[in-house]
2 protein chains.
Amino acid sequence: MSRITIKDVAKKAKVSVGTVSRIINGEKNVTKENLQKVSKAIEELGYVPNTYARGLVSGKTKSISIIVPMIRTDFYDRLINSVDKTLLRKGYESSIFPLLSEYRLKKFLEKSSILYHSDGILMSSLPVNKLFKEGKVPTDKPVILLDMESEYYDCVYIDNYEIGKIAAKILIEKTDNILVFTFIEPENIFTSGVFERRVKGFENILNQNSIHFSKKNIFHSELNLHYALNEALSVLKKVQKFPVGFFATTDLFGYGIILAAKNLGMEVGKDVFIVGVDGQPWTEDIGLTTIKQPIEEMSDLATNILLDRIYSKYSVSSRKSIKFDPIVVRRTSA
Amino acid sequence: MSRITIKDVAKKAKVSVGTVSRIINGEKNVTKENLQKVSKAIEELGYVPNTYARGLVSGKTKSISIIVPMIRTDFYDRLINSVDKTLLRKGYESSIFPLLSEYRLKKFLEKSSILYHSDGILMSSLPVNKLFKEGKVPTDKPVILLDMESEYYDCVYIDNYEIGKIAAKILIEKTDNILVFTFIEPENIFTSGVFERRVKGFENILNQNSIHFSKKNIFHSELNLHYALNEALSVLKKVQKFPVGFFATTDLFGYGIILAAKNLGMEVGKDVFIVGVDGQPWTEDIGLTTIKQPIEEMSDLATNILLDRIYSKYSVSSRKSIKFDPIVVRRTSA
DNA sequence: CTGTTAGCGCTTTCAG
DNA sequence: CTGAAAGCGCTAACAG
């Protein structure tokens, strides 16, 4: 514990604690002189405000909690980075709470969890309705959902059904032998269902255009390149009719298919067409056509909305639900 | 914010706030009757203690911070899980702070970071000396280091130099054509140097036994199977003299080498010998001989020491530095 | 623009 | 074993 309190600073700077408080909270109405004296005292004493005291009186900690299913994937790296950058500008800090296991979730179900000791919660890609009783996060703090919808909370999301539809529209112009490469989320409470929705949207367009498509046309991979590559190799070897079109429900799978195709001497963009999803930066290098999710923009917006809620800039009743449009990025693969 | 305070509970249970406080803090000296009344009131009111108020007066939050360079690798998954299980038993909760970027680190350099608003800090696999000025974490809270050493803090670690030596001793009994597969950590402040130490220890034994070994015998891979497999394939194709021995500085690379060897029709344990590091559970399935790090045991111990420090069970001066021995797990690969 | 002061909700003496 | 009361360090309202 820092033994140095606001009183010490006040004494040293020869002002009142009120003035010090105002200064450390960035209020404008302070004389330059006092500002200087106090800043100097803070510096010399190495004073750092006690967050507990602050939290106790104002209920604010200048921090927000980010809940994500995992980290260290392109998607969440970008998301966390964007959120953090926005927060930093406003003097906020984030704590990341990866929902690694069911037993970790149990803690998060409790109102007392440290998770809720921040000024607001930003949750991404998690099924609130399944996770929390009545779909309600056990806190009175502002909550915003990213990459998912809910009837209770502000949310910023993209329509995954729509993504599938767009992908289908691109591919049916190229061929009618169409396959899907997707990820089967383990069926548990964490299942977000995004991959499934993408496939559903995709099927919808195919059906509309009476293109033959059955469960047999759907192949699965784990979320790692090695696995995707192997699977793609084995699938491609069996393909009878070219050109063949692939809907890769995430860019990573598209990458695997490209690698496999090249390995087998097939020409991407001619023998094999591929549409990925996410719009990862590296898709450019490999020429993958992809349906981009504007992750950075979405994250920024979500963060700003959350911050505005914290400052009660909106009336309680006005729930914000913002849907982003997927962006088609055409490259050589389709 | 929970509008319900300890006063409400006291009123409802018809006791004083002191009594309620004692009960929620698990003190023994309370009559059964009061215990019951209060528990009932707490239940009915849905009371949850205000952490800020608690922290303000006692300085304790019943939470600890885990700092790791990343998550979602076998190593950190196991580490975090073990720590969390131990904490749970003691009524503690953890916040995970992955050190994803330099700019995140900057926040952690500040005393005021939310990171230090817990009762203690457990840091793993990070070079404290490079990261923090004078090698000191900017907090007065107890700090324990896992998987690394330091002169200031309690630490629980394993000697990576020793790991390399053990691996070498196993391999030189099999062959004198010896190669190393390792990971080059990007040279930045996060660089822990563990891989390098493993290789150094390895070289030491080889030199001692006058076995030819130069930088040309060292190959690099990224920490993913796909990459390791490809690299192993290209290396194995060029090998002139069999049997060949590989020191894989992490099990993942050992996996890649096994896959590559099989792919090329070589027999693991006869044409190709491999020793991995970490002792991941899945090494059993693939028959990889490995030098095991007892991650779970180390994590448990570290957590318990940290908790003991929080309860001031040790004198301030007695720094604990606990070195674990690597465990050799022999399987078919060497 | 600044100083004074009343709490925020809790733990922790201290009497009884 | 329990109740009363004194703060923990800070913010915010108020008076000046």
# chains A, B, ... in the order shown; residues from 1 in each chain; ligands from 1
>>> select_by_dssp(residues="stretch 175-224 of chain B", states="helix (DSSP H, G or I)", output="ChimeraX atom specification")
/B:194-208,215-217
>>> write_last_selection(atoms="N, CA and C atoms", output="mmCIF file, in the first residue's frame")
data_model
loop_
_atom_site.group_PDB
_atom_site.id
_atom_site.type_symbol
_atom_site.label_atom_id
_atom_site.label_comp_id
_atom_site.auth_asym_id
_atom_site.auth_seq_id
_atom_site.Cartn_x
_atom_site.Cartn_y
_atom_site.Cartn_z
ATOM 1 N N VAL B 194 14.363 -18.657 -22.060
ATOM 2 C CA VAL B 194 14.323 -20.066 -21.647
ATOM 3 C C VAL B 194 14.800 -21.013 -22.747
ATOM 4 N N PHE B 195 14.403 -20.735 -23.970
ATOM 5 C CA PHE B 195 14.791 -21.638 -25.055
ATOM 6 C C PHE B 195 16.304 -21.619 -25.252
ATOM 7 N N GLU B 196 16.837 -20.414 -25.155
ATOM 8 C CA GLU B 196 18.272 -20.274 -25.328
ATOM 9 C C GLU B 196 19.028 -21.048 -24.251
ATOM 10 N N ARG B 197 18.562 -20.964 -23.047
ATOM 11 C CA ARG B 197 19.233 -21.670 -21.952
ATOM 12 C C ARG B 197 19.172 -23.183 -22.154
ATOM 13 N N ARG B 198 18.067 -23.639 -22.661
ATOM 14 C CA ARG B 198 17.955 -25.076 -22.912
ATOM 15 C C ARG B 198 19.016 -25.514 -23.918
ATOM 16 N N VAL B 199 19.146 -24.728 -24.974
ATOM 17 C CA VAL B 199 20.119 -25.069 -26.004
ATOM 18 C C VAL B 199 21.546 -24.982 -25.450
ATOM 19 N N LYS B 200 21.775 -23.960 -24.653
ATOM 20 C CA LYS B 200 23.112 -23.794 -24.058
ATOM 21 C C LYS B 200 23.493 -25.010 -23.214
ATOM 22 N N GLY B 201 22.580 -25.446 -22.387
ATOM 23 C CA GLY B 201 22.840 -26.612 -21.549
ATOM 24 C C GLY B 201 23.108 -27.836 -22.402
ATOM 25 N N PHE B 202 22.358 -27.927 -23.465
ATOM 26 C CA PHE B 202 22.497 -29.027 -24.407
ATOM 27 C C PHE B 202 23.896 -29.036 -25.022
ATOM 28 N N GLU B 203 24.280 -27.889 -25.522
ATOM 29 C CA GLU B 203 25.603 -27.768 -26.145
ATOM 30 C C GLU B 203 26.709 -28.129 -25.158
ATOM 31 N N ASN B 204 26.517 -27.701 -23.931
ATOM 32 C CA ASN B 204 27.529 -27.942 -22.913
ATOM 33 C C ASN B 204 27.900 -29.427 -22.825
ATOM 34 N N ILE B 205 26.891 -30.265 -22.746
ATOM 35 C CA ILE B 205 27.148 -31.705 -22.644
ATOM 36 C C ILE B 205 27.789 -32.240 -23.929
ATOM 37 N N LEU B 206 27.314 -31.754 -25.051
ATOM 38 C CA LEU B 206 27.886 -32.208 -26.319
ATOM 39 C C LEU B 206 29.373 -31.867 -26.384
ATOM 40 N N ASN B 207 29.682 -30.651 -26.019
ATOM 41 C CA ASN B 207 31.097 -30.234 -26.011
ATOM 42 C C ASN B 207 31.920 -31.113 -25.084
ATOM 43 N N GLN B 208 31.368 -31.317 -23.911
ATOM 44 C CA GLN B 208 32.065 -32.144 -22.933
ATOM 45 C C GLN B 208 32.395 -33.510 -23.496
ATOM 46 N N LYS B 215 26.524 -24.064 -34.886
ATOM 47 C CA LYS B 215 25.282 -23.314 -35.104
ATOM 48 C C LYS B 215 24.492 -23.903 -36.278
ATOM 49 N N LYS B 216 25.222 -24.535 -37.189
ATOM 50 C CA LYS B 216 24.549 -25.111 -38.355
ATOM 51 C C LYS B 216 23.633 -26.263 -37.994
ATOM 52 N N ASN B 217 23.836 -26.793 -36.806
ATOM 53 C CA ASN B 217 22.999 -27.914 -36.370
ATOM 54 C C ASN B 217 21.716 -27.446 -35.686
#
>>> closest_atom_pairs(of="chain A", to="chain B", cutoff="7 Å", atoms="only C-alpha atoms", output="tab-separated table")
residue	atom	partner	partner_atom	distance
A:Met1	CA	B:Asp140	CA	5.9
A:Val48	CA	B:Ser112	CA	6.0
A:Tyr52	CA	B:Tyr52	CA	4.4
A:Ala53	CA	B:Leu56	CA	5.6
A:Gly55	CA	B:Tyr52	CA	5.6
A:Leu56	CA	B:Tyr52	CA	5.1
A:Ile71	CA	B:Ile71	CA	6.7
A:Arg72	CA	B:Arg72	CA	6.7
A:Ser95	CA	B:Phe97	CA	6.8
A:Ile96	CA	B:Phe97	CA	6.5
A:Phe97	CA	B:Ile96	CA	6.5
A:Ser112	CA	B:Val48	CA	6.2
A:Asp140	CA	B:Met1	CA	5.7
A:Leu225	CA	B:His226	CA	6.6
A:His226	CA	B:His226	CA	4.6
>>> select_by_dssp(residues="stretch 77-300 of chain A", states="strand (DSSP E)", output="ChimeraX atom specification")
/A:93-98,120-124,143-146,154-158,178-182,218-220,244-248,272-278,289-292
>>> residues_around(residues="A:Ile6", least_positions_apart="5", cutoff="10 Å", atoms="only C-alpha atoms (C1' of nucleotides)", output="PyMOL selection string")
(chain A and resi 11-12+16-21+24+42+47-50) or (chain D and resi 9-10)
>>> write_last_selection(atoms="N, CA, C and O atoms (P, O5', C5', C4', C3', O3' and C1' of nucleotides)", output="PDB file, in the first residue's frame")
ATOM      1  N   LYS A  11      -0.934  18.875   2.103  1.00  0.00           N
ATOM      2  CA  LYS A  11      -0.075  19.554   3.060  1.00  0.00           C
ATOM      3  C   LYS A  11       1.174  20.085   2.360  1.00  0.00           C
ATOM      4  O   LYS A  11       1.540  21.245   2.492  1.00  0.00           O
ATOM      5  N   LYS A  12       1.800  19.201   1.604  1.00  0.00           N
ATOM      6  CA  LYS A  12       3.041  19.571   0.927  1.00  0.00           C
ATOM      7  C   LYS A  12       2.830  20.731  -0.063  1.00  0.00           C
ATOM      8  O   LYS A  12       3.672  21.626  -0.180  1.00  0.00           O
ATOM      9  N   SER A  16      -5.843  22.656  -0.087  1.00  0.00           N
ATOM     10  CA  SER A  16      -6.746  21.733   0.600  1.00  0.00           C
ATOM     11  C   SER A  16      -6.871  20.432  -0.184  1.00  0.00           C
ATOM     12  O   SER A  16      -6.532  20.376  -1.370  1.00  0.00           O
ATOM     13  N   VAL A  17      -7.355  19.427   0.494  1.00  0.00           N
ATOM     14  CA  VAL A  17      -7.538  18.140  -0.182  1.00  0.00           C
ATOM     15  C   VAL A  17      -8.508  18.278  -1.343  1.00  0.00           C
ATOM     16  O   VAL A  17      -8.371  17.597  -2.364  1.00  0.00           O
ATOM     17  N   GLY A  18      -9.459  19.147  -1.187  1.00  0.00           N
ATOM     18  CA  GLY A  18     -10.425  19.368  -2.261  1.00  0.00           C
ATOM     19  C   GLY A  18      -9.745  19.768  -3.545  1.00  0.00           C
ATOM     20  O   GLY A  18     -10.045  19.240  -4.616  1.00  0.00           O
ATOM     21  N   THR A  19      -8.821  20.681  -3.418  1.00  0.00           N
ATOM     22  CA  THR A  19      -8.099  21.148  -4.600  1.00  0.00           C
ATOM     23  C   THR A  19      -7.302  20.011  -5.238  1.00  0.00           C
ATOM     24  O   THR A  19      -7.317  19.835  -6.461  1.00  0.00           O
ATOM     25  N   VAL A  20      -6.642  19.262  -4.395  1.00  0.00           N
ATOM     26  CA  VAL A  20      -5.872  18.137  -4.928  1.00  0.00           C
ATOM     27  C   VAL A  20      -6.805  17.173  -5.661  1.00  0.00           C
ATOM     28  O   VAL A  20      -6.528  16.748  -6.780  1.00  0.00           O
ATOM     29  N   SER A  21      -7.911  16.884  -5.023  1.00  0.00           N
ATOM     30  CA  SER A  21      -8.874  15.971  -5.627  1.00  0.00           C
ATOM     31  C   SER A  21      -9.287  16.473  -7.008  1.00  0.00           C
ATOM     32  O   SER A  21      -9.309  15.725  -7.980  1.00  0.00           O
ATOM     33  N   ILE A  24      -6.368  15.947  -9.531  1.00  0.00           N
ATOM     34  CA  ILE A  24      -6.124  14.580 -10.010  1.00  0.00           C
ATOM     35  C   ILE A  24      -7.301  14.045 -10.805  1.00  0.00           C
ATOM     36  O   ILE A  24      -7.182  13.042 -11.489  1.00  0.00           O
ATOM     37  N   ILE A  42       2.814  15.807  -5.955  1.00  0.00           N
ATOM     38  CA  ILE A  42       2.450  14.442  -6.333  1.00  0.00           C
ATOM     39  C   ILE A  42       3.692  13.711  -6.841  1.00  0.00           C
ATOM     40  O   ILE A  42       3.994  12.585  -6.438  1.00  0.00           O
ATOM     41  N   TYR A  47       2.895  10.017  -5.134  1.00  0.00           N
ATOM     42  CA  TYR A  47       1.515   9.722  -4.730  1.00  0.00           C
ATOM     43  C   TYR A  47       0.719   9.013  -5.818  1.00  0.00           C
ATOM     44  O   TYR A  47       0.794   9.362  -6.982  1.00  0.00           O
ATOM     45  N   VAL A  48      -0.005   8.002  -5.428  1.00  0.00           N
ATOM     46  CA  VAL A  48      -0.960   7.401  -6.348  1.00  0.00           C
ATOM     47  C   VAL A  48      -2.282   7.215  -5.616  1.00  0.00           C
ATOM     48  O   VAL A  48      -2.316   6.683  -4.508  1.00  0.00           O
ATOM     49  N   PRO A  49      -3.354   7.722  -6.192  1.00  0.00           N
ATOM     50  CA  PRO A  49      -4.657   7.699  -5.516  1.00  0.00           C
ATOM     51  C   PRO A  49      -5.075   6.277  -5.161  1.00  0.00           C
ATOM     52  O   PRO A  49      -4.804   5.345  -5.896  1.00  0.00           O
ATOM     53  N   ASN A  50      -5.704   6.139  -4.063  1.00  0.00           N
ATOM     54  CA  ASN A  50      -6.206   4.845  -3.620  1.00  0.00           C
ATOM     55  C   ASN A  50      -7.518   4.523  -4.333  1.00  0.00           C
ATOM     56  O   ASN A  50      -8.541   5.171  -4.130  1.00  0.00           O
TER      57      ASN A  50
ATOM     58  P    DG D   9      -5.257   5.915   4.813  1.00  0.00           P
ATOM     59  O5'  DG D   9      -5.918   6.518   3.512  1.00  0.00           O
ATOM     60  C5'  DG D   9      -6.075   5.698   2.361  1.00  0.00           C
ATOM     61  C4'  DG D   9      -6.962   6.412   1.382  1.00  0.00           C
ATOM     62  C3'  DG D   9      -6.492   7.821   1.013  1.00  0.00           C
ATOM     63  O3'  DG D   9      -6.369   7.852  -0.397  1.00  0.00           O
ATOM     64  C1'  DG D   9      -8.792   7.821   1.609  1.00  0.00           C
ATOM     65  P    DC D  10      -6.155   9.175  -1.202  1.00  0.00           P
ATOM     66  O5'  DC D  10      -7.642   9.525  -1.628  1.00  0.00           O
ATOM     67  C5'  DC D  10      -8.314   8.651  -2.531  1.00  0.00           C
ATOM     68  C4'  DC D  10      -9.776   8.987  -2.571  1.00  0.00           C
ATOM     69  C3'  DC D  10     -10.114  10.313  -3.234  1.00  0.00           C
ATOM     70  O3'  DC D  10     -10.457  10.065  -4.587  1.00  0.00           O
ATOM     71  C1'  DC D  10     -11.411   9.919  -1.239  1.00  0.00           C
TER      72       DC D  10
END
>>> residues_around(residues="B:Phe242", least_positions_apart="3", cutoff="12 Å", atoms="only C-alpha atoms (C1' of nucleotides)", output="PyMOL selection string")
chain B and resi 174-179+236-239+245-246+266-273
>>> write_last_selection(atoms="all heavy atoms", output="short mmCIF file (atom, residue, chain, number, x, y, z; two decimals), in the first residue's frame")
data_model
loop_
_atom_site.label_atom_id
_atom_site.label_comp_id
_atom_site.auth_asym_id
_atom_site.auth_seq_id
_atom_site.Cartn_x
_atom_site.Cartn_y
_atom_site.Cartn_z
N LYS B 174 22.44 -42.48 -28.15
CA LYS B 174 21.80 -43.05 -29.32
C LYS B 174 22.59 -42.80 -30.60
O LYS B 174 22.59 -43.62 -31.51
CB LYS B 174 20.40 -42.44 -29.49
CG LYS B 174 19.47 -42.66 -28.30
CD LYS B 174 19.10 -44.11 -28.15
CE LYS B 174 18.04 -44.31 -27.07
NZ LYS B 174 17.66 -45.72 -26.91
N THR B 175 23.18 -41.63 -30.69
CA THR B 175 23.83 -41.26 -31.94
C THR B 175 24.77 -40.07 -31.70
O THR B 175 24.71 -39.43 -30.65
CB THR B 175 22.78 -40.85 -33.01
OG1 THR B 175 23.45 -40.35 -34.16
CG2 THR B 175 21.86 -39.77 -32.47
N ASP B 176 25.62 -39.78 -32.64
CA ASP B 176 26.43 -38.58 -32.50
C ASP B 176 26.14 -37.57 -33.61
O ASP B 176 26.80 -36.57 -33.76
CB ASP B 176 27.93 -38.90 -32.44
CG ASP B 176 28.40 -39.67 -33.64
OD1 ASP B 176 27.57 -39.94 -34.54
OD2 ASP B 176 29.59 -40.02 -33.70
N ASN B 177 25.11 -37.89 -34.40
CA ASN B 177 24.64 -36.91 -35.38
C ASN B 177 23.43 -36.21 -34.78
O ASN B 177 22.31 -36.71 -34.84
CB ASN B 177 24.25 -37.61 -36.68
CG ASN B 177 23.80 -36.60 -37.74
OD1 ASN B 177 23.09 -36.95 -38.67
ND2 ASN B 177 24.21 -35.35 -37.59
N ILE B 178 23.72 -35.07 -34.20
CA ILE B 178 22.69 -34.46 -33.37
C ILE B 178 22.29 -33.05 -33.82
O ILE B 178 23.14 -32.22 -34.10
CB ILE B 178 23.19 -34.43 -31.90
CG1 ILE B 178 23.16 -35.88 -31.37
CG2 ILE B 178 22.34 -33.53 -31.05
CD1 ILE B 178 23.62 -36.03 -29.96
N LEU B 179 20.98 -32.85 -33.88
CA LEU B 179 20.45 -31.56 -34.32
C LEU B 179 19.53 -30.97 -33.25
O LEU B 179 19.01 -31.70 -32.40
CB LEU B 179 19.66 -31.74 -35.62
CG LEU B 179 20.41 -32.44 -36.77
CD1 LEU B 179 19.49 -32.62 -37.97
CD2 LEU B 179 21.64 -31.64 -37.17
N LEU B 236 14.82 -33.01 -42.44
CA LEU B 236 15.01 -34.46 -42.53
C LEU B 236 15.41 -34.92 -43.93
O LEU B 236 16.16 -35.88 -44.11
CB LEU B 236 13.73 -35.18 -42.10
CG LEU B 236 13.61 -35.43 -40.59
CD1 LEU B 236 12.25 -35.98 -40.25
CD2 LEU B 236 14.71 -36.38 -40.10
N LYS B 237 14.89 -34.23 -44.91
CA LYS B 237 15.21 -34.60 -46.29
C LYS B 237 16.71 -34.44 -46.58
O LYS B 237 17.24 -35.13 -47.44
CB LYS B 237 14.40 -33.73 -47.27
CG LYS B 237 12.97 -34.21 -47.46
CD LYS B 237 12.21 -33.30 -48.42
CE LYS B 237 10.71 -33.63 -48.42
NZ LYS B 237 9.92 -32.49 -48.94
N LYS B 238 17.31 -33.53 -45.85
CA LYS B 238 18.72 -33.24 -46.14
C LYS B 238 19.69 -34.05 -45.27
O LYS B 238 20.90 -33.97 -45.44
CB LYS B 238 18.98 -31.75 -45.93
CG LYS B 238 18.38 -30.88 -47.01
CD LYS B 238 18.81 -29.42 -46.83
CE LYS B 238 17.73 -28.46 -47.26
NZ LYS B 238 17.44 -27.43 -46.27
N VAL B 239 19.14 -34.77 -44.29
CA VAL B 239 20.02 -35.52 -43.39
C VAL B 239 20.79 -36.60 -44.15
O VAL B 239 20.22 -37.34 -44.94
CB VAL B 239 19.22 -36.14 -42.23
CG1 VAL B 239 20.09 -37.12 -41.45
CG2 VAL B 239 18.68 -35.06 -41.31
N GLY B 245 19.68 -37.61 -34.18
CA GLY B 245 19.01 -37.28 -32.93
C GLY B 245 18.55 -35.83 -32.91
O GLY B 245 19.26 -34.95 -33.37
N PHE B 246 17.35 -35.60 -32.40
CA PHE B 246 16.82 -34.23 -32.34
C PHE B 246 16.52 -33.83 -30.90
O PHE B 246 15.86 -34.55 -30.17
CB PHE B 246 15.51 -34.12 -33.11
CG PHE B 246 15.67 -34.02 -34.59
CD1 PHE B 246 15.54 -35.15 -35.39
CD2 PHE B 246 15.95 -32.80 -35.20
CE1 PHE B 246 15.68 -35.07 -36.76
CE2 PHE B 246 16.09 -32.71 -36.58
CZ PHE B 246 15.95 -33.85 -37.38
N MET B 266 10.50 -42.80 -42.24
CA MET B 266 11.57 -43.09 -41.29
C MET B 266 10.98 -43.64 -40.00
O MET B 266 9.85 -43.32 -39.64
CB MET B 266 12.36 -41.82 -40.99
CG MET B 266 13.02 -41.22 -42.21
SD MET B 266 13.61 -39.55 -41.88
CE MET B 266 14.18 -39.09 -43.53
N GLU B 267 11.78 -44.44 -39.30
CA GLU B 267 11.26 -45.02 -38.09
C GLU B 267 11.74 -44.25 -36.86
O GLU B 267 12.96 -44.16 -36.61
CB GLU B 267 11.68 -46.49 -37.97
CG GLU B 267 10.90 -47.21 -36.88
CD GLU B 267 11.22 -48.72 -36.87
OE1 GLU B 267 11.58 -49.26 -37.94
OE2 GLU B 267 11.11 -49.32 -35.80
N VAL B 268 10.76 -43.73 -36.12
CA VAL B 268 11.10 -42.99 -34.91
C VAL B 268 11.55 -43.98 -33.84
O VAL B 268 10.89 -44.98 -33.60
CB VAL B 268 9.88 -42.18 -34.40
CG1 VAL B 268 10.19 -41.53 -33.05
CG2 VAL B 268 9.48 -41.14 -35.42
N GLY B 269 12.68 -43.68 -33.21
CA GLY B 269 13.22 -44.59 -32.20
C GLY B 269 14.26 -45.51 -32.80
O GLY B 269 14.86 -46.33 -32.10
N LYS B 270 14.47 -45.37 -34.10
CA LYS B 270 15.49 -46.21 -34.77
C LYS B 270 16.30 -45.34 -35.74
O LYS B 270 17.51 -45.19 -35.60
CB LYS B 270 14.79 -47.34 -35.53
CG LYS B 270 15.77 -48.35 -36.06
CD LYS B 270 15.12 -49.73 -36.24
CE LYS B 270 15.91 -50.57 -37.24
NZ LYS B 270 15.32 -50.55 -38.59
N ASP B 271 15.61 -44.75 -36.72
CA ASP B 271 16.31 -43.84 -37.64
C ASP B 271 16.41 -42.44 -37.02
O ASP B 271 17.39 -41.74 -37.19
CB ASP B 271 15.54 -43.71 -38.96
CG ASP B 271 15.25 -45.06 -39.58
OD1 ASP B 271 16.17 -45.90 -39.58
OD2 ASP B 271 14.11 -45.27 -40.03
N VAL B 272 15.37 -42.10 -36.32
CA VAL B 272 15.28 -40.75 -35.77
C VAL B 272 14.98 -40.82 -34.27
O VAL B 272 14.03 -41.49 -33.86
CB VAL B 272 14.15 -39.96 -36.47
CG1 VAL B 272 14.10 -38.53 -35.94
CG2 VAL B 272 14.33 -39.96 -37.97
N PHE B 273 15.81 -40.16 -33.50
CA PHE B 273 15.57 -40.09 -32.06
C PHE B 273 15.18 -38.65 -31.69
O PHE B 273 15.74 -37.70 -32.23
CB PHE B 273 16.81 -40.48 -31.27
CG PHE B 273 17.15 -41.94 -31.44
CD1 PHE B 273 18.16 -42.32 -32.32
CD2 PHE B 273 16.45 -42.91 -30.75
CE1 PHE B 273 18.47 -43.67 -32.50
CE2 PHE B 273 16.75 -44.25 -30.91
CZ PHE B 273 17.77 -44.64 -31.80
#
>>> interface_residues(of="chain D", to="chain B", cutoff="9 Å", atoms="only C-alpha atoms (C1' of nucleotides)", output="JSON, numbers by chain")
{"D": [1, 2, 3, 4, 7, 8, 9]}
>>> residues_around(residues="B:Ile170", least_positions_apart="5", cutoff="10 Å", atoms="only C-alpha atoms (C1' of nucleotides)", output="JSON, numbers by chain")
{"B": [165, 175, 245, 247, 273, 274, 275, 289, 328, 330, 334]}
>>> residues_around(residues="B:Asn304", least_positions_apart="6", cutoff="10 Å", atoms="only C-alpha atoms (C1' of nucleotides)", output="list of chain:residue names")
B:Val83, B:Thr86, B:Leu87, B:Lys90, B:Met298, B:Ile310
>>> write_last_selection(atoms="N, CA and C atoms", output="compact mmCIF listing (two decimals), in the first residue's frame")
# COMPACT_ATOMS: atom_id res chain seq x y z
N VAL B 83 -3.36 -22.77 -10.82
CA VAL B 83 -3.40 -21.64 -9.91
C VAL B 83 -4.85 -21.38 -9.47
N THR B 86 -6.28 -23.87 -6.95
CA THR B 86 -5.76 -23.64 -5.60
C THR B 86 -6.41 -22.41 -4.98
N LEU B 87 -6.54 -21.37 -5.77
CA LEU B 87 -7.14 -20.14 -5.26
C LEU B 87 -8.58 -20.36 -4.82
N LYS B 90 -9.31 -21.52 -1.49
CA LYS B 90 -9.06 -20.57 -0.42
C LYS B 90 -9.95 -19.34 -0.54
N MET B 298 4.35 -27.00 -9.60
CA MET B 298 5.01 -25.71 -9.43
C MET B 298 4.00 -24.60 -9.23
N ILE B 310 0.71 -13.28 1.67
CA ILE B 310 -0.40 -12.35 1.89
C ILE B 310 -0.83 -12.38 3.35
>>> residues_around(residues="D:DC14", least_positions_apart="5", cutoff="12 Å", atoms="only C-alpha atoms (C1' of nucleotides)", output="MDAnalysis selection string")
chainID C and resid 2:6
>>> interface_residues(of="chain C", to="chain B", cutoff="8 Å", atoms="only C-alpha atoms (C1' of nucleotides)", output="ChimeraX atom specification")
/C:8-11
>>> atom_distance(atom1="atom CA of B:Leu171", atom2="atom CA of B:Leu264")
21.2 Å
>>> decode(residues="chain C", atoms="C-alpha atoms (C1' of nucleotides)", output="PDB file, in the first residue's frame")
ATOM      1  C1'  DC C   1     -11.656  29.322  -7.755  1.00  0.00           C
ATOM      2  C1'  DT C   2     -10.808  27.184  -2.930  1.00  0.00           C
ATOM      3  C1'  DG C   3     -11.473  25.196   1.776  1.00  0.00           C
ATOM      4  C1'  DT C   4     -14.431  22.610   4.815  1.00  0.00           C
ATOM      5  C1'  DT C   5     -16.882  18.780   5.787  1.00  0.00           C
ATOM      6  C1'  DA C   6     -20.049  14.922   5.513  1.00  0.00           C
ATOM      7  C1'  DG C   7     -20.238  10.628   4.317  1.00  0.00           C
ATOM      8  C1'  DC C   8     -19.266   6.094   0.943  1.00  0.00           C
ATOM      9  C1'  DG C   9     -19.440   0.685   3.424  1.00  0.00           C
ATOM     10  C1'  DC C  10     -16.667  -1.731   5.802  1.00  0.00           C
ATOM     11  C1'  DT C  11     -13.271  -3.604   9.550  1.00  0.00           C
ATOM     12  C1'  DT C  12     -11.444  -3.230  13.894  1.00  0.00           C
ATOM     13  C1'  DT C  13     -10.554  -1.749  18.244  1.00  0.00           C
ATOM     14  C1'  DC C  14     -12.567  -1.259  22.775  1.00  0.00           C
ATOM     15  C1'  DA C  15     -15.827  -1.795  26.413  1.00  0.00           C
ATOM     16  C1'  DG C  16     -19.019  -4.411  28.341  1.00  0.00           C
TER      17       DG C  16
END
